[in-house]
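**Student:** input.cif is reproduced below (mmCIF, C-alpha atoms).
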```cif
data_target
loop_
_atom_site.group_PDB
_atom_site.id
_atom_site.type_symbol
_atom_site.label_atom_id
_atom_site.label_comp_id
_atom_site.auth_asym_id
_atom_site.auth_seq_id
_atom_site.Cartn_x
_atom_site.Cartn_y
_atom_site.Cartn_z
ATOM 1 C CA MET W 1462 19.109 -13.226 -14.579
ATOM 2 C CA THR W 1463 18.228 -10.284 -12.335
ATOM 3 C CA GLY W 1464 20.210 -7.538 -14.028
ATOM 4 C CA ILE W 1465 23.064 -6.480 -16.281
ATOM 5 C CA GLY W 1466 25.789 -4.224 -14.905
ATOM 6 C CA SER W 1467 25.360 -0.481 -15.275
ATOM 7 C CA ASN W 1468 26.773 0.807 -18.550
ATOM 8 C CA ALA W 1469 27.632 -2.754 -19.655
ATOM 9 C CA PHE W 1470 26.891 -1.777 -23.254
ATOM 10 C CA SER W 1471 28.269 1.755 -23.064
ATOM 11 C CA GLY W 1472 29.963 2.718 -26.304
ATOM 12 C CA CYS W 1473 28.655 -0.292 -28.261
ATOM 13 C CA THR W 1474 27.578 1.918 -31.149
ATOM 14 C CA SER W 1475 27.607 -0.922 -33.718
ATOM 15 C CA LEU W 1476 25.432 -3.305 -31.707
ATOM 16 C CA GLU W 1477 22.770 -4.511 -34.148
ATOM 17 C CA SER W 1478 20.449 -6.755 -32.179
ATOM 18 C CA VAL W 1479 19.956 -8.581 -28.920
ATOM 19 C CA CYS W 1480 17.564 -11.465 -28.370
ATOM 20 C CA TYR W 1481 16.292 -11.608 -24.812
ATOM 21 C CA GLY W 1482 14.934 -15.057 -23.978
ATOM 22 C CA GLY W 1483 12.453 -13.816 -21.415
ATOM 23 C CA THR W 1484 9.099 -12.091 -21.411
ATOM 24 C CA LEU W 1485 8.277 -8.400 -21.259
ATOM 25 C CA ALA W 1486 7.353 -8.845 -17.575
ATOM 26 C CA GLN W 1487 10.782 -10.353 -16.887
ATOM 27 C CA TRP W 1488 12.454 -7.517 -18.812
ATOM 28 C CA CYS W 1489 10.643 -4.972 -16.642
ATOM 29 C CA ALA W 1490 11.827 -6.784 -13.511
ATOM 30 C CA LEU W 1491 15.526 -6.521 -14.419
ATOM 31 C CA ASP W 1492 17.293 -4.310 -11.906
ATOM 32 C CA ASP W 1493 19.332 -2.738 -14.709
ATOM 33 C CA ASN W 1494 19.757 -3.671 -18.359
ATOM 34 C CA GLY W 1495 23.140 -2.011 -18.853
ATOM 35 C CA ARG W 1496 21.546 0.759 -20.952
ATOM 36 C CA LEU W 1497 21.117 -1.805 -23.689
ATOM 37 C CA MET W 1498 18.224 0.079 -25.254
ATOM 38 C CA SER W 1499 20.460 3.090 -25.853
ATOM 39 C CA TYR W 1500 22.839 1.102 -28.050
ATOM 40 C CA ALA W 1501 21.173 -1.902 -29.740
ATOM 41 C CA LYS W 1502 19.162 -1.283 -32.898
ATOM 42 C CA HIS W 1503 16.812 -4.173 -32.027
ATOM 43 C CA VAL W 1504 15.964 -5.782 -28.679
ATOM 44 C CA THR W 1505 13.694 -8.751 -29.286
ATOM 45 C CA MET W 1506 11.660 -10.548 -26.614
ATOM 46 C CA SER W 1507 10.944 -14.294 -26.593
ATOM 47 C CA ASP W 1508 7.579 -13.663 -28.297
ATOM 48 C CA GLY W 1509 9.261 -11.827 -31.194
ATOM 49 C CA THR W 1510 8.365 -8.302 -30.055
ATOM 50 C CA ASP W 1511 11.105 -5.808 -30.912
ATOM 51 C CA LEU W 1512 11.027 -3.297 -28.063
ATOM 52 C CA LYS W 1513 13.093 -0.766 -30.013
ATOM 53 C CA ASN W 1514 10.354 -0.506 -32.644
ATOM 54 C CA THR W 1515 7.340 -0.655 -30.324
ATOM 55 C CA THR W 1516 5.201 2.480 -30.440
ATOM 56 C CA ASN W 1517 2.479 1.651 -27.906
ATOM 57 C CA LEU W 1518 3.573 -0.186 -24.775
ATOM 58 C CA VAL W 1519 1.239 -1.683 -22.198
ATOM 59 C CA ILE W 1520 3.187 -2.960 -19.217
ATOM 60 C CA PRO W 1521 1.880 -6.439 -18.245
ATOM 61 C CA SER W 1522 -0.463 -6.555 -15.250
ATOM 62 C CA ASP W 1523 1.799 -8.950 -13.311
ATOM 63 C CA VAL W 1524 4.678 -6.432 -13.219
ATOM 64 C CA THR W 1525 5.258 -4.818 -9.803
ATOM 65 C CA SER W 1526 8.180 -2.547 -10.673
ATOM 66 C CA ILE W 1527 9.856 -1.195 -13.785
ATOM 67 C CA GLY W 1528 13.625 -1.530 -13.506
ATOM 68 C CA SER W 1529 16.287 1.101 -14.043
ATOM 69 C CA ASN W 1530 16.912 1.912 -17.713
ATOM 70 C CA ALA W 1531 14.200 -0.582 -18.751
ATOM 71 C CA PHE W 1532 13.123 1.355 -21.852
ATOM 72 C CA ARG W 1533 15.742 4.097 -21.941
ATOM 73 C CA GLY W 1534 16.394 5.221 -25.491
ATOM 74 C CA CYS W 1535 13.323 3.583 -27.089
ATOM 75 C CA THR W 1536 12.911 6.441 -29.516
ATOM 76 C CA SER W 1537 9.912 4.851 -31.317
ATOM 77 C CA LEU W 1538 7.867 4.606 -28.131
ATOM 78 C CA ALA W 1539 4.901 7.014 -28.345
ATOM 79 C CA SER W 1540 2.658 5.855 -25.489
ATOM 80 C CA VAL W 1541 3.023 3.869 -22.281
ATOM 81 C CA THR W 1542 0.357 2.459 -19.990
ATOM 82 C CA ILE W 1543 1.535 1.511 -16.513
ATOM 83 C CA PRO W 1544 -1.043 -0.724 -14.754
ATOM 84 C CA LYS W 1545 -2.272 -0.781 -11.151
ATOM 85 C CA GLY W 1546 0.100 -3.578 -10.076
ATOM 86 C CA VAL W 1547 3.209 -1.442 -10.581
ATOM 87 C CA THR W 1548 4.431 0.326 -7.436
ATOM 88 C CA GLU W 1549 7.812 1.685 -8.592
ATOM 89 C CA ILE W 1550 9.068 3.268 -11.807
ATOM 90 C CA GLY W 1551 12.837 2.819 -11.786
ATOM 91 C CA GLN W 1552 15.609 5.312 -12.308
ATOM 92 C CA GLU W 1553 15.857 6.473 -15.933
ATOM 93 C CA ALA W 1554 13.256 3.838 -16.929
ATOM 94 C CA PHE W 1555 11.987 5.880 -19.905
ATOM 95 C CA GLU W 1556 14.788 8.418 -20.275
ATOM 96 C CA ASP W 1557 15.356 9.721 -23.805
ATOM 97 C CA CYS W 1558 12.198 8.170 -25.256
ATOM 98 C CA THR W 1559 11.983 11.209 -27.493
ATOM 99 C CA SER W 1560 8.705 10.202 -29.224
ATOM 100 C CA LEU W 1561 6.892 9.488 -25.961
ATOM 101 C CA ALA W 1562 3.863 11.777 -25.965
ATOM 102 C CA SER W 1563 1.433 9.936 -23.674
ATOM 103 C CA VAL W 1564 1.988 8.260 -20.309
ATOM 104 C CA THR W 1565 -0.773 6.701 -18.222
ATOM 105 C CA ILE W 1566 0.368 6.005 -14.667
ATOM 106 C CA SER W 1567 -2.274 4.028 -12.791
ATOM 107 C CA GLU W 1568 -3.153 4.328 -9.115
ATOM 108 C CA GLY W 1569 -0.808 2.150 -7.072
ATOM 109 C CA VAL W 1570 2.518 3.628 -8.144
ATOM 110 C CA THR W 1571 4.200 4.998 -5.005
ATOM 111 C CA GLY W 1572 7.627 6.016 -6.295
ATOM 112 C CA ILE W 1573 9.029 7.531 -9.477
ATOM 113 C CA GLY W 1574 12.813 7.162 -9.762
ATOM 114 C CA GLN W 1575 15.426 9.734 -10.668
ATOM 115 C CA GLY W 1576 15.263 10.795 -14.316
ATOM 116 C CA ALA W 1577 12.455 8.306 -15.057
ATOM 117 C CA PHE W 1578 11.115 10.434 -17.949
ATOM 118 C CA GLU W 1579 14.112 12.731 -18.450
ATOM 119 C CA GLY W 1580 14.594 13.892 -22.032
ATOM 120 C CA CYS W 1581 11.143 12.775 -23.240
ATOM 121 C CA THR W 1582 10.894 15.845 -25.440
ATOM 122 C CA SER W 1583 7.491 14.949 -26.971
ATOM 123 C CA LEU W 1584 5.727 14.498 -23.617
ATOM 124 C CA LYS W 1585 3.064 17.205 -23.331
ATOM 125 C CA SER W 1586 1.076 16.177 -20.261
ATOM 126 C CA VAL W 1587 1.140 13.635 -17.468
ATOM 127 C CA THR W 1588 -1.227 12.588 -14.703
ATOM 128 C CA ILE W 1589 0.343 11.564 -11.409
ATOM 129 C CA PRO W 1590 -1.815 9.284 -9.238
ATOM 130 C CA ALA W 1591 -2.597 10.158 -5.611
ATOM 131 C CA SER W 1592 -0.810 6.967 -4.514
ATOM 132 C CA VAL W 1593 2.613 8.525 -5.280
ATOM 133 C CA THR W 1594 4.585 9.326 -2.122
ATOM 134 C CA LYS W 1595 8.023 10.036 -3.614
ATOM 135 C CA ILE W 1596 9.211 11.739 -6.806
ATOM 136 C CA SER W 1597 12.998 11.726 -7.190
ATOM 137 C CA TYR W 1598 15.385 14.179 -8.857
ATOM 138 C CA SER W 1599 15.027 15.250 -12.478
ATOM 139 C CA VAL W 1600 12.051 12.971 -13.216
ATOM 140 C CA PHE W 1601 10.868 15.240 -16.053
ATOM 141 C CA TYR W 1602 14.119 17.136 -16.667
ATOM 142 C CA GLY W 1603 14.405 18.264 -20.275
ATOM 143 C CA CYS W 1604 10.827 17.359 -21.209
ATOM 144 C CA THR W 1605 10.679 20.575 -23.182
ATOM 145 C CA SER W 1606 7.093 20.056 -24.420
ATOM 146 C CA LEU W 1607 5.705 19.254 -20.975
ATOM 147 C CA ALA W 1608 3.284 21.973 -19.903
ATOM 148 C CA ALA W 1609 0.386 20.215 -18.149
ATOM 149 C CA VAL W 1610 0.704 18.126 -14.993
ATOM 150 C CA PHE W 1611 -2.364 16.710 -13.302
ATOM 151 C CA TYR W 1612 -2.365 15.211 -9.821
ATOM 152 C CA ASP W 1613 -5.247 12.883 -8.930
ATOM 153 C CA GLY W 1614 -5.316 14.151 -5.362
ATOM 154 C CA THR W 1615 -5.733 17.343 -3.382
ATOM 155 C CA LYS W 1616 -3.319 20.267 -3.093
ATOM 156 C CA GLU W 1617 -2.556 19.107 0.456
ATOM 157 C CA GLY W 1618 -1.778 15.622 -0.886
ATOM 158 C CA TRP W 1619 0.604 17.105 -3.475
ATOM 159 C CA GLU W 1620 2.442 19.036 -0.760
ATOM 160 C CA ARG W 1621 2.880 15.840 1.314
ATOM 161 C CA ILE W 1622 4.726 14.034 -1.479
ATOM 162 C CA GLU W 1623 8.464 13.735 -0.861
ATOM 163 C CA LYS W 1624 9.781 15.373 -4.015
ATOM 164 C CA ALA W 1625 13.048 16.757 -5.271
ATOM 165 C CA PRO W 1626 13.106 20.445 -6.248
ATOM 166 C CA THR W 1627 14.428 19.568 -9.723
ATOM 167 C CA ILE W 1628 11.592 17.378 -11.013
ATOM 168 C CA PHE W 1629 10.403 19.959 -13.562
ATOM 169 C CA TRP W 1630 13.694 21.579 -14.645
ATOM 170 C CA GLN W 1631 13.757 22.556 -18.323
ATOM 171 C CA THR W 1632 10.027 22.048 -18.818
ATOM 172 C CA ASN W 1633 7.150 24.470 -19.353
ATOM 173 C CA VAL W 1634 5.381 23.392 -16.156
ATOM 174 C CA THR W 1635 4.234 26.343 -14.037
ATOM 175 C CA LYS W 1636 1.444 24.689 -12.065
ATOM 176 C CA ILE W 1637 0.081 21.354 -10.940
ATOM 177 C CA THR W 1638 -3.647 20.878 -11.400
ATOM 178 C CA CYS W 1639 -5.085 19.011 -8.409
ATOM 179 C CA THR W 1640 -8.637 17.832 -7.743
ATOM 180 C CA ASP W 1641 -9.290 20.935 -5.595
ATOM 181 C CA GLY W 1642 -7.287 23.635 -7.391
ATOM 182 C CA THR W 1643 -3.743 24.381 -8.538
ATOM 183 C CA VAL W 1644 -0.292 24.527 -6.990
ATOM 184 C CA THR W 1645 2.350 26.860 -8.442
ATOM 185 C CA VAL W 1646 5.668 25.331 -9.443
ATOM 186 C CA SER W 1647 8.963 27.180 -9.675
ATOM 187 C CA ASN W 1648 11.612 25.792 -11.978
#
```
Mind converting the file's structure to structure tokens?

**Tutor:**
Amino acid sequence: MTGIGSNAFSGCTSLESVCYGGTLAQWCALDDNGRLMSYAKHVTMSDGTDLKNTTNLVIPSDVTSIGSNAFRGCTSLASVTIPKGVTEIGQEAFEDCTSLASVTISEGVTGIGQGAFEGCTSLKSVTIPASVTKISYSVFYGCTSLAAVFYDGTKEGWERIEKAPTIFWQTNVTKITCTDGTVTVSN
């Protein structure tokens, strides 16, 4: 299986649990999971891990991309570590993870998809690696606690990133702290 159709589980408000026969790495590789995380009360992996009740998530080192909607709606998720092997964070991958307070994005990620962290209202700070070349629309939209953004590169490097003007809408971000100073952000 490579994906589940977009919105396949839309409106399934009584969905109790789903058992996914694959691994966490395979889950991450799904192109889209039909927004399953937004509706099921439990999503259990083959090893017994219930993703809906996971608080600290370390993406496996063999994952190269995190698919669209992969963890959308995991309201228990408090921290995520994305390892060096990952190059892409998919569209809405962590949207509405309202308890997510800490995200570690390792060097190697080149693209962050539209709305990847949208609605993560507990997220206070994030560090963006210098390897990032594209940040899509509304990546941090509605992250109302977000006030500190660190970029592991220079101001010139930050300016070279292809980025949408809406990445920090409805946040408290006013500047990006780079290795050689700050860049002002207008929301």

**Student:** Evaluate the PyMOL selection byres ((chain W and resi 1581) around 7) here and jot the selected residues down as a VMD selection string.

**Tutor:** chain W and resid 1556 to 1561 1578 to 1580 1582 to 1584 1604

**Student:** Kindly provide, as a PyMOL selection string, the polymer residues lying within 7 Å of (11.9, 5.0, -28.8), counting all atoms listed in the file and using the coordinates exactly as they appear in the file.

**Tutor:** chain W and resi 1513-1514+1534-1538+1558-1560

**Student:** Near range 1636-1648 of chain W, counting all atoms listed in the file, which residues have an atom at most 7 Å away, once you skip same-chain residues fewer than 3 positions from it, shown as a compact mmCIF listing (two decimals) with C-alpha atoms, in the coordinates of the input?

**Tutor:**
```txt
# COMPACT_ATOMS: atom_id res chain seq x y z
CA VAL W 1610 0.70 18.13 -14.99
CA PHE W 1611 -2.36 16.71 -13.30
CA TYR W 1612 -2.37 15.21 -9.82
CA ASP W 1613 -5.25 12.88 -8.93
CA GLY W 1614 -5.32 14.15 -5.36
CA THR W 1615 -5.73 17.34 -3.38
CA LYS W 1616 -3.32 20.27 -3.09
CA PHE W 1629 10.40 19.96 -13.56
CA TRP W 1630 13.69 21.58 -14.64
```

**Student:** With all atoms of range 1632-1638 of chain W from the file as input, state the centre and edge lengths in Å to one decimal of the axis-aligned box that has 8 Å extra on each side, as lines of an AutoDock Vina configuration file.

**Tutor:**
```
center_x = 3.2
center_y = 23.6
center_z = -15.1
size_x = 29.7
size_y = 21.5
size_z = 24.4
```

**Student:** Please identify all polymer residues within 9 Å of Lys1624 in chain W, counting only C-alpha atoms, omitting same-chain residues fewer than 6 positions from it, and present them as a PyMOL selection string.

**Tutor:** chain W and resi 1594-1598

**Student:** Could you jot down the CA of Tyr1500 in chain W to CA of Leu1476 in chain W separation for me, Å, one decimal place?

**Tutor:**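 Going from CA of Tyr1500 in chain W over to CA of Leu1476 in chain W, I get 6.3 Å.
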
**Student:** Using all atoms listed in the file, can you tell me which of W:Ala1531, W:Leu1607, W:Ala1577, W:Leu1518 comes closest to Thr1565 in chain W?

**Tutor:**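 Of W:Ala1531, W:Leu1607, W:Ala1577, W:Leu1518, the one nearest Thr1565 in chain W, counting all atoms listed in the file, is W:Leu1518.
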
**Student:** For CA of Val1519 in chain W and CA of Val1587 in chain W, determine how far apart the two atoms are, in Å to one decimal place.

**Tutor:**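 Taking CA of Val1519 in chain W as the start and CA of Val1587 in chain W as the end point, the length is 16.0 Å.
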
**Student:** So what do you get for CA of Thr1510 in chain W versus CA of Thr1571 in chain W, distance-wise?

**Tutor:**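 CA of Thr1571 in chain W lies 28.7 Å from CA of Thr1510 in chain W.
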
**Student:** Pick out the closest residue to Ala1591 in chain W from this set: W:Cys1473, W:Val1564, W:Ile1622, W:Ala1490. Count only C-alpha atoms.

**Tutor:** W:Ile1622

**Student:** Just the residues within 7 Å of Asn1517 in chain W, please, counting only C-alpha atoms, with nothing from its chain fewer than 5 positions along; format it as a ChimeraX atom specification.

**Tutor:** /W:1538-1541

**Student:** Can you list what the PyMOL selection byres ((chain W and resi 1527) around 7) grabs from this structure, as a short mmCIF file (atom, residue, chain, number, x, y, z; two decimals) with C-alpha atoms, keeping the file's coordinate frame?

**Tutor:**
```cif
data_model
loop_
_atom_site.label_atom_id
_atom_site.label_comp_id
_atom_site.auth_asym_id
_atom_site.auth_seq_id
_atom_site.Cartn_x
_atom_site.Cartn_y
_atom_site.Cartn_z
CA CYS W 1489 10.64 -4.97 -16.64
CA ALA W 1490 11.83 -6.78 -13.51
CA SER W 1526 8.18 -2.55 -10.67
CA GLY W 1528 13.62 -1.53 -13.51
CA SER W 1529 16.29 1.10 -14.04
CA ALA W 1531 14.20 -0.58 -18.75
CA GLU W 1549 7.81 1.68 -8.59
CA ILE W 1550 9.07 3.27 -11.81
CA GLY W 1551 12.84 2.82 -11.79
CA ALA W 1554 13.26 3.84 -16.93
#
```

**Student:** With a distance cut-off of 6 Å and all atoms listed in the file, select the neighbouring residues of Ser1478 in chain W, excluding the residue or stretch itself and same-chain residues fewer than 6 positions from it, and output the selection as a PyMOL selection string.

**Tutor:** chain W and resi 1501-1504

**Student:** Store the residues picked out above, limited to C-alpha atoms, as an mmCIF file, keeping the file's coordinate frame.

**Tutor:**
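Done, and the output landed in again25.cif:
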```cif
data_model
loop_
_atom_site.group_PDB
_atom_site.id
_atom_site.type_symbol
_atom_site.label_atom_id
_atom_site.label_comp_id
_atom_site.auth_asym_id
_atom_site.auth_seq_id
_atom_site.Cartn_x
_atom_site.Cartn_y
_atom_site.Cartn_z
ATOM 1 C CA ALA W 1501 21.173 -1.902 -29.740
ATOM 2 C CA LYS W 1502 19.162 -1.283 -32.898
ATOM 3 C CA HIS W 1503 16.812 -4.173 -32.027
ATOM 4 C CA VAL W 1504 15.964 -5.782 -28.679
#
```
